[in-house]
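Visitor: Before I ask anything, let me first share the structure, which is written out below as C-alpha cells.
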Amino acid sequence: MPGFPGCSWYSETGAPPPRRVVTADDTLSAASAYRLATAGTGVLWTGGFPNARQLLSALDRRLPGPSAGSDPAQAFRRHREARARRARVLGKLLLRLEPGARLKAARAPDVQVACAEAGCSTERAFLCSLRDLLGMIGAHEWRRRGVLVPALGARIHPHHGVFSPVRGEYVGLVARAPLPAGARTALDIGTGTGVLAAVLARRGVASVLASDRSARAVACAEDNIARLGLARQVTVTEADVFPARARAPLVVCNPPWLPGRAASALDAAVYDPGSRMLRAFLDRLPRHLEPGGEAWLILSGFAEQAGLRTREELLGLFDRAGLEVAGRLDATPRHRRALDPTDPLHALRAAEVTSLWRLRVR
C-alpha cells in the first residue's frame, strides 16, 4: 500500500484505500476526525482500541440521516444513499494489523480467528477500517453462537459474508408448505447457510442437492449440514444458479429480493442487480423441474412496495418462462426492524409480505 511499505489493504466492499492517510491517537477530537473523514482522508488510529470504538460511534452520530422522500421509491433510494455515505465516512477510521492479524492497540481483542474466517491474508501486515474489523468480529460471534431456527429446533451457524436466517418468515413458509406428492428429491438453489435444505431434509425429503455460486456459502452450508447430521441426505455444490443436468420434482429458491447493486458479499443475499438471479432461475427452471413437479419461489414483496418492481412485472417473468402459479402462501414480518417505528423505512417494512409462490410448468 502506498505510504505503508510491506502493508496490504483489506476492504470487505472492495473500496480502494484512501489516497491520503494521517495518524492519530486518543488526543484527536471527534470534530477533527469528522472533518478529515468527510474530506476523504484516512485516519490511522494508534490509540487504545476502546477509544477507537467510541470515536467511531461519535462519527456515526454526526452523520445526517436520510432525508424524507415524497414516495416509497424515493424514500428507499435516499435511505440507500445515506447508508452509502455512512459507509464511506466511517470507513475512513483505520487500524493496522501486524502479521498474524495482531493488533498492537491497548486493550485490543484477539482478532486472529475472526480475520481468518473472513478470508483475510494474515501473513503480512494490513490496514483495514475499524468498521470492517468490527464486522469480522461480529460475524465470528454469530458463527460461534449460531442462530436458533425454530423450524429445525436447532441452530444454524452463518459464516462471514453469508446471510443469517434471522428473518424466520421464509424458513417458516418452507416448513409448512405442503410437499408435492412423490417429492423424494429436491434442489435448493442459492442455499446460503443451507437452512432450507436442512428443513427439507428434516421434513423427509430423502435427497437434497443444494447449490450456491459463493464459495463462502458452500463452505457454510456444508458446515451446517454436517453439524445437523444431515450429510447423508444433503449434498452441497458450487454452481451459478442450477447445477448442470440436475433435475428434481421439487425445486426451492429464495433469491435476493431487491433489484439493485450489492456493495458486499453479504449484500448479495439481498440485492440482485437487474434481477439477474431471479430471471436466470425462472428462465432455466423448466429444464430442471421433472414433469409434474413444483417449484417454490420464496420472495419478499418489499421490492413492489418500494416501487422497484411491480407485481405485473413479476407475473410477466413467470409467463415468459412458461410457468403458471399453482398457489401461494404468505407470511407477515416479525423481524425487529419491522416492529421499530423509529426505523426510517418502518412503513415499508411493516407492510412487507413474504410469499412462497408454487410454480409449475404450463
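Ordering of the C-alpha cells sets the chain letters (A, B, ...), residue numbers begin anew at 1 in every chain, and ligands are numbered from 1 in the order given.
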Report as an NGL selection string all protein, DNA and RNA residues lying within 12 Å of Arg83 of chain A, evaluated on only C-alpha atoms, omitting residues in the same chain fewer than 2 positions from it.
Guide: :A and (60 or 63-67 or 76-81 or 85-91 or 263 or 344)
Visitor: Just to be explicit: take each residue in the selection above, keep C-alpha atoms, and write the result as a compact mmCIF listing (two decimals), in the first residue's frame.
Guide:
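This is the output file out16.txt:
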```txt
# COMPACT_ATOMS: atom_id res chain seq x y z
CA ASP A 60 -21.78 7.95 13.31
CA LEU A 63 -23.78 11.84 10.12
CA PRO A 64 -27.18 13.12 8.93
CA GLY A 65 -29.92 10.56 8.40
CA PRO A 66 -31.77 10.10 5.12
CA SER A 67 -33.98 12.98 4.04
CA PHE A 76 -35.83 3.89 -0.28
CA ARG A 77 -33.35 5.49 -2.69
CA ARG A 78 -32.45 8.19 -0.17
CA HIS A 79 -32.08 5.56 2.54
CA ARG A 80 -29.56 3.69 0.38
CA GLU A 81 -27.71 6.91 -0.42
CA ARG A 85 -22.43 7.93 2.66
CA ARG A 86 -22.24 6.47 6.15
CA ALA A 87 -20.08 3.58 4.92
CA ARG A 88 -17.71 5.95 3.11
CA VAL A 89 -17.19 8.23 6.10
CA LEU A 90 -16.99 5.57 8.82
CA GLY A 91 -14.68 3.52 6.58
CA ALA A 263 -21.98 -3.44 -2.08
CA PRO A 344 -36.67 5.28 8.54
```
Visitor: Within 6 Å of segment 299-306 of chain A, counting only C-alpha atoms, which residues show up once you throw out same-chain ones fewer than 6 positions away? Write them as an MDAnalysis selection string, please.
Guide: chainID A and resid 72:73 257:258 352:355
Visitor: Can you write just those residues out, C-alpha atoms, as a CSV table (one decimal), in the first residue's frame?
Guide:
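For reference, result22.csv as written:
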```
chain,number,residue,atom,x,y,z
A,72,PRO,CA,-41.8,4.9,-1.2
A,73,ALA,CA,-39.3,4.6,-4.1
A,257,TRP,CA,-35.3,-9.9,-3.2
A,258,LEU,CA,-34.3,-6.4,-4.2
A,352,GLU,CA,-43.9,-6.3,3.8
A,353,VAL,CA,-45.3,-9.7,2.8
A,354,THR,CA,-43.1,-12.6,2.1
A,355,SER,CA,-44.6,-15.1,-0.3
```
Visitor: For segment 248-252 of chain A, list every protein, DNA or RNA residue within 8 Å, evaluated using only C-alpha atoms, and leave out those in the same chain fewer than 4 positions away; present the list as JSON, numbers by chain.
Guide: {"A": [180, 182, 183, 184, 185, 186, 187, 188, 189, 288, 289, 290, 291, 292, 293, 294, 295, 296, 297, 298]}
Visitor: Would you output that residue set with N, CA and C atoms, as an mmCIF file, in the first residue's frame?
Guide:
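Output file again.cif is given in full below:
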```cif
data_model
loop_
_atom_site.group_PDB
_atom_site.id
_atom_site.type_symbol
_atom_site.label_atom_id
_atom_site.label_comp_id
_atom_site.auth_asym_id
_atom_site.auth_seq_id
_atom_site.Cartn_x
_atom_site.Cartn_y
_atom_site.Cartn_z
ATOM 1 N N PRO A 180 -45.093 -31.646 -2.481
ATOM 2 C CA PRO A 180 -45.717 -32.315 -3.625
ATOM 3 C C PRO A 180 -45.624 -33.828 -3.477
ATOM 4 N N GLY A 182 -44.732 -37.468 -3.978
ATOM 5 C CA GLY A 182 -43.578 -38.120 -4.598
ATOM 6 C C GLY A 182 -42.304 -37.303 -4.606
ATOM 7 N N ALA A 183 -42.250 -36.229 -3.831
ATOM 8 C CA ALA A 183 -41.054 -35.384 -3.794
ATOM 9 C C ALA A 183 -40.002 -36.018 -2.892
ATOM 10 N N ARG A 184 -39.335 -37.035 -3.419
ATOM 11 C CA ARG A 184 -38.283 -37.698 -2.653
ATOM 12 C C ARG A 184 -36.927 -37.018 -2.827
ATOM 13 N N THR A 185 -36.812 -36.208 -3.883
ATOM 14 C CA THR A 185 -35.588 -35.454 -4.115
ATOM 15 C C THR A 185 -35.945 -33.985 -4.316
ATOM 16 N N ALA A 186 -34.966 -33.114 -4.082
ATOM 17 C CA ALA A 186 -35.218 -31.675 -4.223
ATOM 18 C C ALA A 186 -33.916 -30.955 -4.532
ATOM 19 N N LEU A 187 -34.058 -29.782 -5.145
ATOM 20 C CA LEU A 187 -32.941 -28.865 -5.360
ATOM 21 C C LEU A 187 -33.180 -27.625 -4.522
ATOM 22 N N ASP A 188 -32.137 -27.140 -3.861
ATOM 23 C CA ASP A 188 -32.196 -25.881 -3.119
ATOM 24 C C ASP A 188 -31.207 -24.930 -3.778
ATOM 25 N N ILE A 189 -31.727 -23.963 -4.531
ATOM 26 C CA ILE A 189 -30.898 -23.089 -5.353
ATOM 27 C C ILE A 189 -30.593 -21.798 -4.586
ATOM 28 N N HIS A 288 -34.998 -27.999 -15.376
ATOM 29 C CA HIS A 288 -34.525 -28.689 -14.175
ATOM 30 C C HIS A 288 -35.649 -29.225 -13.297
ATOM 31 N N LEU A 289 -36.872 -28.964 -13.700
ATOM 32 C CA LEU A 289 -38.024 -29.451 -12.945
ATOM 33 C C LEU A 289 -38.579 -30.684 -13.635
ATOM 34 N N GLU A 290 -38.696 -31.777 -12.908
ATOM 35 C CA GLU A 290 -39.213 -33.007 -13.505
ATOM 36 C C GLU A 290 -40.681 -32.838 -13.875
ATOM 37 N N PRO A 291 -41.151 -33.590 -14.888
ATOM 38 C CA PRO A 291 -42.556 -33.461 -15.311
ATOM 39 C C PRO A 291 -43.514 -33.625 -14.130
ATOM 40 N N GLY A 292 -44.457 -32.691 -14.024
ATOM 41 C CA GLY A 292 -45.413 -32.726 -12.928
ATOM 42 C C GLY A 292 -44.879 -32.173 -11.626
ATOM 43 N N GLY A 293 -43.638 -31.694 -11.642
ATOM 44 C CA GLY A 293 -43.015 -31.192 -10.422
ATOM 45 C C GLY A 293 -43.459 -29.781 -10.079
ATOM 46 N N GLU A 294 -42.935 -29.299 -8.952
ATOM 47 C CA GLU A 294 -43.338 -27.998 -8.431
ATOM 48 C C GLU A 294 -42.110 -27.243 -7.935
ATOM 49 N N ALA A 295 -42.102 -25.936 -8.184
ATOM 50 C CA ALA A 295 -41.024 -25.080 -7.681
ATOM 51 C C ALA A 295 -41.588 -24.131 -6.647
ATOM 52 N N TRP A 296 -40.804 -23.902 -5.601
ATOM 53 C CA TRP A 296 -41.190 -22.935 -4.568
ATOM 54 C C TRP A 296 -40.245 -21.749 -4.667
ATOM 55 N N LEU A 297 -40.772 -20.636 -5.093
ATOM 56 C CA LEU A 297 -40.011 -19.392 -5.144
ATOM 57 C C LEU A 297 -40.415 -18.553 -3.939
ATOM 58 N N ILE A 298 -39.477 -18.326 -3.030
ATOM 59 C CA ILE A 298 -39.774 -17.534 -1.832
ATOM 60 C C ILE A 298 -39.238 -16.129 -2.066
#
```
Visitor: Find the residues around Thr46 of chain A up to 7 Å (only C-alpha atoms counted), leave out those fewer than 6 positions away in its own chain, and share them as a PyMOL selection string.
Guide: chain A and resi 23-25+105
Visitor: From the DSSP assignment of the backbone, select every residue of segment 79-127 of chain A that is helix (DSSP H, G or I), and format the answer as a ChimeraX atom specification.
Guide: /A:79-90,112-117
Visitor: Using only C-alpha atoms, which residues sit within 10 Å of Arg227 of chain A once same-chain residues fewer than 2 positions away are excluded, as a ChimeraX atom specification?
Guide: /A:154-157,221-225,229-231
Visitor: Using only C-alpha atoms, can you tell me which of A:Arg279, A:Arg309, A:Lys92, A:Arg203 comes closest to Asp132 of chain A?
Guide: A:Lys92
Visitor: Calculated over only C-alpha atoms, which of the candidates A:Ala197, A:Leu308, A:Ala217, A:Ala239 has the smallest distance to Asp272 of chain A?
Guide: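 Of all the options, A:Leu308 lies closest to Asp272 of chain A.
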Visitor: So that I can check the secondary structure, give me every residue of segment 104-315 of chain A assigned strand (DSSP E) by backbone DSSP, as a ChimeraX atom specification.
Guide: /A:125-129,147-149,154-156,185-189,207-212,234-238,248-253,289-300
Visitor: Please report, as JSON lines, each residue of segment 107-223 of chain A lying at most 12 Å from segment 312-334 of chain A, together with the nearest pair of atoms and the separation in Å rounded to one decimal; use only C-alpha atoms, and order rows by chain and ascending residue number.
Guide:
```
{"residue": "A:Val166", "atom": "CA", "partner": "A:Arg334", "partner_atom": "CA", "distance": 10.1}
{"residue": "A:Arg167", "atom": "CA", "partner": "A:Arg334", "partner_atom": "CA", "distance": 7.5}
{"residue": "A:Gly168", "atom": "CA", "partner": "A:Arg334", "partner_atom": "CA", "distance": 7.7}
{"residue": "A:Glu169", "atom": "CA", "partner": "A:Ala331", "partner_atom": "CA", "distance": 6.0}
{"residue": "A:Tyr170", "atom": "CA", "partner": "A:Ala331", "partner_atom": "CA", "distance": 7.7}
{"residue": "A:Val171", "atom": "CA", "partner": "A:Ala331", "partner_atom": "CA", "distance": 10.2}
{"residue": "A:Gly172", "atom": "CA", "partner": "A:Ala331", "partner_atom": "CA", "distance": 8.3}
{"residue": "A:Leu173", "atom": "CA", "partner": "A:Leu329", "partner_atom": "CA", "distance": 7.0}
{"residue": "A:Val174", "atom": "CA", "partner": "A:Leu329", "partner_atom": "CA", "distance": 9.5}
{"residue": "A:Ala175", "atom": "CA", "partner": "A:Leu329", "partner_atom": "CA", "distance": 11.4}
{"residue": "A:Arg176", "atom": "CA", "partner": "A:Leu329", "partner_atom": "CA", "distance": 9.2}
{"residue": "A:Ala177", "atom": "CA", "partner": "A:Leu329", "partner_atom": "CA", "distance": 7.4}
{"residue": "A:Pro178", "atom": "CA", "partner": "A:Leu329", "partner_atom": "CA", "distance": 10.1}
{"residue": "A:Pro180", "atom": "CA", "partner": "A:Ala326", "partner_atom": "CA", "distance": 11.4}
```
Visitor: Write out the residues from the selection above, keeping C-alpha atoms, as a tab-separated table (two decimals), in the first residue's frame.
Guide:
```tsv
chain	number	residue	atom	x	y	z
A	166	VAL	CA	-32.57	-14.18	11.46
A	167	ARG	CA	-35.68	-13.42	9.41
A	168	GLY	CA	-37.73	-16.53	10.02
A	169	GLU	CA	-40.64	-15.80	7.67
A	170	TYR	CA	-39.13	-17.51	4.64
A	171	VAL	CA	-37.96	-20.52	6.66
A	172	GLY	CA	-41.42	-20.91	8.18
A	173	LEU	CA	-43.04	-20.89	4.74
A	174	VAL	CA	-40.83	-23.77	3.54
A	175	ALA	CA	-41.51	-25.64	6.78
A	176	ARG	CA	-45.30	-25.52	6.35
A	177	ALA	CA	-45.89	-25.63	2.57
A	178	PRO	CA	-47.45	-28.95	1.51
A	180	PRO	CA	-45.72	-32.31	-3.63
```
Visitor: Neighbours of Arg19 of chain A within 8 Å (only C-alpha atoms; same-chain residues fewer than 5 positions away dropped), as a ChimeraX atom specification?
Guide: /A:40-42
